[in-house]
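Visitor: Sharing work34.cif, mmCIF, C-alpha atoms and all ligand atoms:
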data_upload
#
loop_
_atom_site.group_PDB
_atom_site.id
_atom_site.type_symbol
_atom_site.label_atom_id
_atom_site.label_comp_id
_atom_site.auth_asym_id
_atom_site.auth_seq_id
_atom_site.Cartn_x
_atom_site.Cartn_y
_atom_site.Cartn_z
ATOM 1 C CA MET A 1 -6.507 3.653 -4.201
ATOM 2 C CA THR A 2 -8.299 6.593 -2.604
ATOM 3 C CA SER A 3 -6.726 9.286 -0.463
ATOM 4 C CA THR A 4 -8.809 8.381 2.607
ATOM 5 C CA ALA A 5 -7.391 5.502 4.650
ATOM 6 C CA PRO A 6 -9.921 2.689 5.088
ATOM 7 C CA LEU A 7 -11.038 1.794 8.618
ATOM 8 C CA SER A 8 -9.305 -1.301 9.947
ATOM 9 C CA ASP A 9 -11.188 -4.490 9.103
ATOM 10 C CA LEU A 10 -9.762 -6.193 12.193
ATOM 11 C CA CYS A 11 -12.500 -7.229 14.632
ATOM 12 C CA GLN A 12 -12.714 -9.039 17.953
ATOM 13 C CA LEU A 13 -15.572 -11.126 19.240
ATOM 14 C CA PHE A 14 -15.919 -12.500 22.765
ATOM 15 C CA TYR A 15 -18.658 -14.984 23.715
ATOM 16 C CA ILE A 16 -19.534 -17.416 26.510
ATOM 17 C CA SER A 17 -21.442 -20.717 26.343
ATOM 18 C CA ARG A 18 -22.374 -23.880 28.280
ATOM 19 C CA SER A 19 -20.251 -26.866 27.351
ATOM 20 C CA LEU A 20 -21.825 -30.164 26.277
ATOM 21 C CA SER A 21 -18.379 -31.522 25.383
ATOM 22 C CA THR A 22 -16.366 -34.517 26.526
ATOM 23 C CA PRO A 23 -12.583 -34.144 26.866
ATOM 24 C CA GLN A 24 -12.275 -35.896 23.479
ATOM 25 C CA ASP A 25 -14.693 -33.358 21.972
ATOM 26 C CA VAL A 26 -12.489 -30.526 23.243
ATOM 27 C CA GLU A 27 -9.437 -32.089 21.572
ATOM 28 C CA GLN A 28 -11.352 -32.305 18.285
ATOM 29 C CA ILE A 29 -12.722 -28.770 18.606
ATOM 30 C CA LEU A 30 -9.197 -27.402 19.093
ATOM 31 C CA SER A 31 -7.809 -29.412 16.219
ATOM 32 C CA SER A 32 -10.420 -28.274 13.678
ATOM 33 C CA ALA A 33 -10.473 -24.728 15.104
ATOM 34 C CA ARG A 34 -6.700 -24.368 14.637
ATOM 35 C CA ARG A 35 -6.825 -25.715 11.087
ATOM 36 C CA ARG A 36 -9.778 -23.532 10.050
ATOM 37 C CA ASN A 37 -8.522 -20.434 11.829
ATOM 38 C CA SER A 38 -5.111 -20.660 10.122
ATOM 39 C CA GLN A 39 -6.895 -20.751 6.756
ATOM 40 C CA ARG A 40 -9.045 -17.749 7.668
ATOM 41 C CA ASP A 41 -6.430 -15.605 9.456
ATOM 42 C CA VAL A 42 -8.361 -15.937 12.725
ATOM 43 C CA THR A 43 -6.542 -15.973 16.086
ATOM 44 C CA GLY A 44 -7.673 -16.082 19.711
ATOM 45 C CA VAL A 45 -8.068 -18.097 22.868
ATOM 46 C CA LEU A 46 -10.554 -20.701 24.090
ATOM 47 C CA LEU A 47 -11.077 -20.971 27.836
ATOM 48 C CA LEU A 48 -12.681 -24.074 29.370
ATOM 49 C CA SER A 49 -13.941 -23.528 32.892
ATOM 50 C CA GLY A 50 -15.720 -26.560 34.329
ATOM 51 C CA GLY A 51 -18.964 -26.683 32.373
ATOM 52 C CA HIS A 52 -18.461 -23.504 30.370
ATOM 53 C CA PHE A 53 -16.523 -22.024 27.487
ATOM 54 C CA ALA A 54 -15.380 -18.461 26.879
ATOM 55 C CA GLN A 55 -13.684 -17.594 23.606
ATOM 56 C CA LEU A 56 -11.998 -14.541 22.128
ATOM 57 C CA LEU A 57 -11.782 -14.540 18.330
ATOM 58 C CA GLU A 58 -9.794 -11.969 16.332
ATOM 59 C CA GLY A 59 -9.633 -11.454 12.587
ATOM 60 C CA PRO A 60 -11.186 -9.867 9.493
ATOM 61 C CA ALA A 61 -14.932 -9.233 9.880
ATOM 62 C CA ALA A 62 -15.969 -11.713 7.171
ATOM 63 C CA ALA A 63 -13.753 -14.446 8.603
ATOM 64 C CA LEU A 64 -15.217 -13.953 12.089
ATOM 65 C CA HIS A 65 -18.702 -14.067 10.631
ATOM 66 C CA GLU A 66 -18.048 -17.439 8.947
ATOM 67 C CA THR A 67 -16.346 -18.810 12.040
ATOM 68 C CA MET A 68 -19.193 -17.756 14.337
ATOM 69 C CA ALA A 69 -21.780 -19.308 12.025
ATOM 70 C CA ALA A 70 -20.022 -22.675 12.526
ATOM 71 C CA ILE A 71 -19.638 -22.121 16.272
ATOM 72 C CA ASP A 72 -23.311 -21.114 16.709
ATOM 73 C CA ALA A 73 -24.413 -24.302 14.937
ATOM 74 C CA ASP A 74 -22.104 -26.623 16.924
ATOM 75 C CA THR A 75 -24.060 -28.975 19.235
ATOM 76 C CA ARG A 76 -21.066 -29.508 21.536
ATOM 77 C CA HIS A 77 -22.121 -26.380 23.400
ATOM 78 C CA THR A 78 -25.283 -24.337 23.947
ATOM 79 C CA ALA A 79 -26.442 -20.864 25.026
ATOM 80 C CA VAL A 80 -23.786 -19.183 22.867
ATOM 81 C CA THR A 81 -23.928 -15.558 24.075
ATOM 82 C CA ARG A 82 -21.885 -12.780 22.477
ATOM 83 C CA LEU A 83 -20.627 -10.229 24.997
ATOM 84 C CA ILE A 84 -18.354 -8.126 22.759
ATOM 85 C CA GLU A 85 -18.243 -7.686 18.991
ATOM 86 C CA GLU A 86 -16.282 -4.687 17.716
ATOM 87 C CA ASN A 87 -13.418 -3.320 15.626
ATOM 88 C CA THR A 88 -10.030 -3.448 17.271
ATOM 89 C CA ALA A 89 -6.634 -1.904 16.555
ATOM 90 C CA GLN A 90 -4.531 -4.985 17.303
ATOM 91 C CA ARG A 91 -4.657 -8.685 18.080
ATOM 92 C CA ARG A 92 -4.050 -10.004 21.614
ATOM 93 C CA PHE A 93 -3.206 -13.545 20.427
ATOM 94 C CA LYS A 94 -1.527 -12.848 17.088
ATOM 95 C CA ASP A 95 0.718 -15.933 17.320
ATOM 96 C CA TRP A 96 -2.104 -18.360 18.187
ATOM 97 C CA SER A 97 -4.447 -20.014 15.715
ATOM 98 C CA MET A 98 -6.357 -20.876 18.897
ATOM 99 C CA ALA A 99 -4.719 -20.812 22.307
ATOM 100 C CA PHE A 100 -6.341 -22.931 25.003
ATOM 101 C CA CYS A 101 -6.492 -22.661 28.759
ATOM 102 C CA GLU A 102 -8.421 -24.333 31.542
ATOM 103 C CA ALA A 103 -9.394 -22.126 34.491
ATOM 104 C CA PRO A 104 -12.011 -23.807 36.710
ATOM 105 C CA GLY A 105 -12.402 -20.628 38.798
ATOM 106 C CA ALA A 106 -14.493 -18.834 36.159
ATOM 107 C CA ASP A 107 -17.259 -21.484 36.062
ATOM 108 C CA ASP A 108 -19.717 -19.800 38.483
ATOM 109 C CA LEU A 109 -19.141 -16.348 36.986
ATOM 110 C CA ILE A 110 -19.903 -17.540 33.450
ATOM 111 C CA GLU A 111 -23.072 -19.345 34.629
ATOM 112 C CA GLN A 112 -24.215 -16.179 36.438
ATOM 113 C CA LEU A 113 -23.655 -14.144 33.276
ATOM 114 C CA LEU A 114 -25.628 -16.657 31.187
ATOM 115 C CA ALA A 115 -28.498 -16.948 33.673
ATOM 116 C CA GLY A 116 -28.837 -13.260 34.497
ATOM 117 C CA PRO A 117 -30.040 -10.177 32.622
ATOM 118 C CA PRO A 118 -28.102 -8.947 29.566
ATOM 119 C CA VAL A 119 -24.521 -8.048 30.479
ATOM 120 C CA ASN A 120 -23.699 -4.353 30.142
ATOM 121 C CA PRO A 121 -20.669 -3.352 28.044
ATOM 122 C CA GLU A 122 -18.483 -2.338 31.016
ATOM 123 C CA ARG A 123 -18.992 -5.689 32.729
ATOM 124 C CA ALA A 124 -18.462 -7.574 29.468
ATOM 125 C CA ARG A 125 -15.126 -5.808 29.048
ATOM 126 C CA ARG A 126 -14.019 -6.572 32.628
ATOM 127 C CA VAL A 127 -14.874 -10.245 32.124
ATOM 128 C CA MET A 128 -12.999 -10.402 28.811
ATOM 129 C CA GLU A 129 -9.925 -8.663 30.265
ATOM 130 C CA GLY A 130 -9.945 -11.009 33.268
ATOM 131 C CA ILE A 131 -10.059 -14.052 31.024
ATOM 132 C CA VAL A 132 -7.369 -12.750 28.679
ATOM 133 C CA ALA A 133 -5.130 -12.021 31.689
ATOM 134 C CA ALA A 134 -5.779 -15.479 33.159
ATOM 135 C CA CYS A 135 -4.984 -17.213 29.879
ATOM 136 C CA HIS A 136 -2.004 -15.302 28.546
ATOM 137 C CA PRO A 137 0.734 -16.731 30.790
ATOM 138 C CA MET A 138 -0.677 -20.250 30.500
ATOM 139 C CA THR A 139 -0.776 -20.591 26.736
ATOM 140 C CA SER A 140 1.795 -23.057 25.509
ATOM 141 C CA SER A 141 0.575 -24.471 22.199
ATOM 142 C CA GLY A 142 -1.294 -23.232 19.198
HETATM 143 C C1 LIG B 201 -16.461 -24.074 22.023
HETATM 144 C C2 LIG B 201 -16.178 -24.198 20.554
HETATM 145 C C3 LIG B 201 -15.191 -23.392 20.001
HETATM 146 C C4 LIG B 201 -14.915 -23.496 18.620
HETATM 147 N N1 LIG B 201 -13.978 -22.667 18.079
HETATM 148 C C5 LIG B 201 -13.777 -22.683 16.742
HETATM 149 C C6 LIG B 201 -12.860 -21.798 16.125
HETATM 150 O O1 LIG B 201 -12.178 -21.006 16.781
HETATM 151 N N2 LIG B 201 -12.719 -21.863 14.768
HETATM 152 C C7 LIG B 201 -13.415 -22.746 14.006
HETATM 153 O O2 LIG B 201 -13.255 -22.758 12.777
HETATM 154 N N3 LIG B 201 -14.253 -23.627 14.568
HETATM 155 C C8 LIG B 201 -14.461 -23.610 15.914
HETATM 156 N N4 LIG B 201 -15.324 -24.507 16.487
HETATM 157 C C9 LIG B 201 -15.727 -25.657 15.705
HETATM 158 C C10 LIG B 201 -16.782 -25.341 14.768
HETATM 159 O O3 LIG B 201 -17.951 -25.264 15.507
HETATM 160 C C11 LIG B 201 -16.850 -26.467 13.712
HETATM 161 O O4 LIG B 201 -16.903 -27.699 14.332
HETATM 162 C C12 LIG B 201 -15.643 -26.469 12.801
HETATM 163 O O5 LIG B 201 -15.390 -25.191 12.307
HETATM 164 C C13 LIG B 201 -15.894 -27.418 11.638
HETATM 165 O O6 LIG B 201 -14.685 -27.608 10.963
HETATM 166 P P1 LIG B 201 -14.579 -28.760 9.876
HETATM 167 O O7 LIG B 201 -15.697 -28.532 8.903
HETATM 168 O O8 LIG B 201 -13.242 -28.584 9.287
HETATM 169 O O9 LIG B 201 -14.714 -30.052 10.629
HETATM 170 C C14 LIG B 201 -15.617 -24.432 17.833
HETATM 171 C C15 LIG B 201 -16.599 -25.223 18.422
HETATM 172 C C16 LIG B 201 -16.875 -25.122 19.772
HETATM 173 C C17 LIG B 201 -17.930 -25.989 20.383
#
If you took the structure in this file and wrote it as structure tokens, what would it be?
Guide:
Amino acid sequence: MTSTAPLSDLCQLFYISRSLSTPQDVEQILSSARRRNSQRDVTGVLLLSGGHFAQLLEGPAAALHETMAAIDADTRHTAVTRLIEENTAQRRFKDWSMAFCEAPGADDLIEQLLAGPPVNPERARRVMEGIVAACHPMTSSG
């Protein structure tokens, strides 16, 4: 042990993507995500909005790195675009191996973000907070 406290290893990562998934695919994604995330101490929420996904992942940096490598390579979605990747003091979904919510109203916004110029950090944060707020009261399994 040293006398200087280490920086927290807890990170959060928020990304958006275009879905190529059927409803059955989404069931399978959630099932394997929850199993893997429990093993890796990863928590978060997956939002499905029409033809798009948004996902917040929370956990140790190395675990998020492994998880994102699998997510990047998954052909059930495309245009995986990270909007936020940073250290964080606490988890927003600490009791959820992967919460899920459907919110069709965010579909156009996510497509605009994917099709437009790079999203600045302030906008990325507003989008993430809006999605977290939309999903929190609706989460019922995980
Ligand atoms: C939109 C989307 C979200 C996903 N979220 C996660 C996740 O949170 N954790 C995870 O391990 N895999 C996630 N996956 C699945 C991975 O891409 C991959 O299929 C899975 O980790 C493989 O697990 P398995 O080897 O046990 O089958 C996601 C895939 C998609 C398309």
Visitor: Work out how far CA of Asp74 in chain A is from CA of Ser32 in chain A, in Å to one decimal.
Guide: 12.2 Å
Visitor: Leaving out range 113-118 of chain A and any residue of its chain fewer than 2 positions from it, which residues lie within 12 Å of it when counting all atoms listed in the file, given as a list of chain:residue names?
Guide: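 Residues meeting the cut-off are A:Tyr15, A:Ile16, A:Ser17, A:Arg18, A:His52, A:Phe53, A:Ala54, A:Thr78, A:Ala79, A:Val80, A:Thr81, A:Arg82, A:Leu83, A:Ile84, A:Ala106, A:Asp107, A:Asp108, A:Leu109, A:Ile110, A:Glu111, A:Asn120, A:Pro121, A:Glu122, A:Arg123, A:Ala124, A:Val127.
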Visitor: Using all atoms listed in the file, which residue out of A:Cys101, A:Val42, A:Leu47, A:Leu20 lies closest to Thr67 in chain A?
Guide: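 When distances to Thr67 in chain A are compared using all atoms listed in the file, the smallest one comes from A:Val42.
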Visitor: Hey, which residues sit close to ligand LIG 201 (chain B)? Say within 8 Å, counting all atoms listed in the file, and write them as number ranges by chain.
Guide: A: 17, 19, 21, 26, 29-30, 32-37, 42-46, 53-55, 57, 67-77, 97-98
Visitor: Take CA of Ile131 in chain A and CA of Gly59 in chain A and report the distance between them in Å, one decimal.
Guide: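 If I compute the distance from CA of Ile131 in chain A to CA of Gly59 in chain A, I get 18.6 Å.
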Visitor: So, counting all atoms listed in the file, which residue among A:Gln112, A:Phe100, A:Met128, A:Cys135 is closest to Ser31 in chain A?
Guide: A:Phe100
Visitor: Which one is closest to Ser49 in chain A: A:Leu13, A:Leu64, A:Ala134, A:Ala103? Count only C-alpha atoms.
Guide: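 Using only C-alpha atoms, Ser49 in chain A sits closest to A:Ala103.
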Visitor: I'd like to know which of A:Asp41, A:Glu129, A:Asp9, A:Asp25 is closest to Arg92 in chain A, using only C-alpha atoms.
Guide: A:Glu129
Visitor: Interatomic distance between CA of Gln28 in chain A and CA of Glu85 in chain A?
Guide: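 Value for the CA of Gln28 in chain A-CA of Glu85 in chain A distance: 25.6 Å.
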Visitor: A:Gly51, A:Glu66, A:Glu102, A:Pro60: which is nearest Thr88 in chain A, counting all atoms listed in the file?
Guide: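 Of the candidates, the smallest distance to Thr88 in chain A is held by A:Pro60.
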Visitor: Which neighbours of Glu86 in chain A fall inside 9 Å, counting all atoms listed in the file, when residues of the same chain fewer than 5 positions from it are skipped, and could you give them as number ranges by chain?
Guide: A: 10-13
Visitor: Pick from A:Ser8, A:Gly50, A:His65, A:Ser38: nearest to Pro23 in chain A, with only C-alpha atoms counted?
Guide: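 Closest residue, counting only C-alpha atoms: A:Gly50.
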Visitor: How big is the axis-aligned box around all listed atoms of range 111-130 of chain A once 5 Å goes on each side, and where's its centre, in Å to one decimal, as AutoDock Vina command-line options?
Guide:
--center_x -20.0 --center_y -10.8 --center_z 32.2 --size_x 30.1 --size_y 27.0 --size_z 18.4
Visitor: How would range 80-106 of chain A look with N, CA, C and O atoms restored, written as a compact mmCIF listing (two decimals), in the coordinates of the input?
Guide:
# COMPACT_ATOMS: atom_id res chain seq x y z
N VAL A 80 -24.89 -20.02 23.36
CA VAL A 80 -23.79 -19.18 22.87
C VAL A 80 -24.22 -17.71 22.94
O VAL A 80 -25.19 -17.31 22.31
N THR A 81 -23.51 -16.94 23.77
CA THR A 81 -23.93 -15.56 24.08
C THR A 81 -22.77 -14.59 23.82
O THR A 81 -21.76 -14.60 24.52
N ARG A 82 -22.93 -13.76 22.81
CA ARG A 82 -21.88 -12.78 22.48
C ARG A 82 -21.90 -11.66 23.50
O ARG A 82 -22.95 -11.05 23.74
N LEU A 83 -20.73 -11.34 24.05
CA LEU A 83 -20.63 -10.23 25.00
C LEU A 83 -19.97 -9.01 24.36
O LEU A 83 -20.26 -7.88 24.74
N ILE A 84 -19.05 -9.23 23.43
CA ILE A 84 -18.35 -8.13 22.76
C ILE A 84 -18.16 -8.48 21.29
O ILE A 84 -17.78 -9.61 20.96
N GLU A 85 -18.44 -7.51 20.44
CA GLU A 85 -18.24 -7.69 18.99
C GLU A 85 -17.93 -6.30 18.45
O GLU A 85 -18.81 -5.43 18.44
N GLU A 86 -16.68 -6.06 18.05
CA GLU A 86 -16.28 -4.69 17.72
C GLU A 86 -15.00 -4.67 16.89
O GLU A 86 -14.27 -5.66 16.84
N ASN A 87 -14.72 -3.53 16.28
CA ASN A 87 -13.42 -3.32 15.63
C ASN A 87 -12.35 -3.21 16.70
O ASN A 87 -12.62 -2.80 17.82
N THR A 88 -11.13 -3.58 16.33
CA THR A 88 -10.03 -3.45 17.27
C THR A 88 -8.77 -3.05 16.52
O THR A 88 -8.64 -3.34 15.32
N ALA A 89 -7.85 -2.40 17.21
CA ALA A 89 -6.63 -1.90 16.56
C ALA A 89 -5.59 -3.00 16.41
O ALA A 89 -4.80 -3.00 15.48
N GLN A 90 -5.55 -3.94 17.37
CA GLN A 90 -4.53 -4.99 17.30
C GLN A 90 -5.00 -6.28 17.94
O GLN A 90 -5.90 -6.27 18.77
N ARG A 91 -4.33 -7.36 17.54
CA ARG A 91 -4.66 -8.68 18.08
C ARG A 91 -3.97 -8.89 19.42
O ARG A 91 -2.84 -8.45 19.61
N ARG A 92 -4.64 -9.63 20.32
CA ARG A 92 -4.05 -10.00 21.61
C ARG A 92 -3.33 -11.35 21.52
O ARG A 92 -2.48 -11.65 22.34
N PHE A 93 -3.74 -12.17 20.55
CA PHE A 93 -3.21 -13.54 20.43
C PHE A 93 -2.70 -13.77 19.00
O PHE A 93 -3.03 -14.77 18.38
N LYS A 94 -1.89 -12.82 18.51
CA LYS A 94 -1.53 -12.85 17.09
C LYS A 94 -0.75 -14.09 16.69
O LYS A 94 -0.74 -14.47 15.53
N ASP A 95 -0.08 -14.75 17.65
CA ASP A 95 0.72 -15.93 17.32
C ASP A 95 -0.04 -17.25 17.55
O ASP A 95 0.56 -18.32 17.53
N TRP A 96 -1.35 -17.17 17.80
CA TRP A 96 -2.10 -18.36 18.19
C TRP A 96 -3.29 -18.59 17.26
O TRP A 96 -4.22 -17.79 17.23
N SER A 97 -3.27 -19.70 16.53
CA SER A 97 -4.45 -20.01 15.72
C SER A 97 -5.63 -20.32 16.63
O SER A 97 -6.78 -20.05 16.26
N MET A 98 -5.39 -20.85 17.80
CA MET A 98 -6.36 -20.88 18.90
C MET A 98 -5.65 -21.38 20.14
O MET A 98 -5.36 -22.57 20.28
N ALA A 99 -5.30 -20.43 21.03
CA ALA A 99 -4.72 -20.81 22.31
C ALA A 99 -5.80 -21.49 23.15
O ALA A 99 -7.00 -21.34 22.88
N PHE A 100 -5.37 -22.23 24.15
CA PHE A 100 -6.34 -22.93 25.00
C PHE A 100 -5.89 -22.82 26.44
O PHE A 100 -4.71 -22.96 26.73
N CYS A 101 -6.84 -22.57 27.34
CA CYS A 101 -6.49 -22.66 28.76
C CYS A 101 -7.69 -23.13 29.56
O CYS A 101 -8.84 -22.92 29.17
N GLU A 102 -7.39 -23.86 30.62
CA GLU A 102 -8.42 -24.33 31.54
C GLU A 102 -8.29 -23.53 32.82
O GLU A 102 -7.21 -23.45 33.39
N ALA A 103 -9.39 -22.93 33.27
CA ALA A 103 -9.39 -22.13 34.49
C ALA A 103 -10.71 -22.38 35.21
O ALA A 103 -11.69 -21.69 34.99
N PRO A 104 -10.76 -23.41 36.08
CA PRO A 104 -12.01 -23.81 36.71
C PRO A 104 -12.67 -22.68 37.50
O PRO A 104 -13.88 -22.65 37.68
N GLY A 105 -11.89 -21.70 37.95
CA GLY A 105 -12.40 -20.63 38.80
C GLY A 105 -13.42 -19.71 38.15
O GLY A 105 -14.11 -18.98 38.83
N ALA A 106 -13.55 -19.75 36.82
CA ALA A 106 -14.49 -18.83 36.16
C ALA A 106 -15.87 -19.48 35.93
O ALA A 106 -16.78 -18.84 35.40
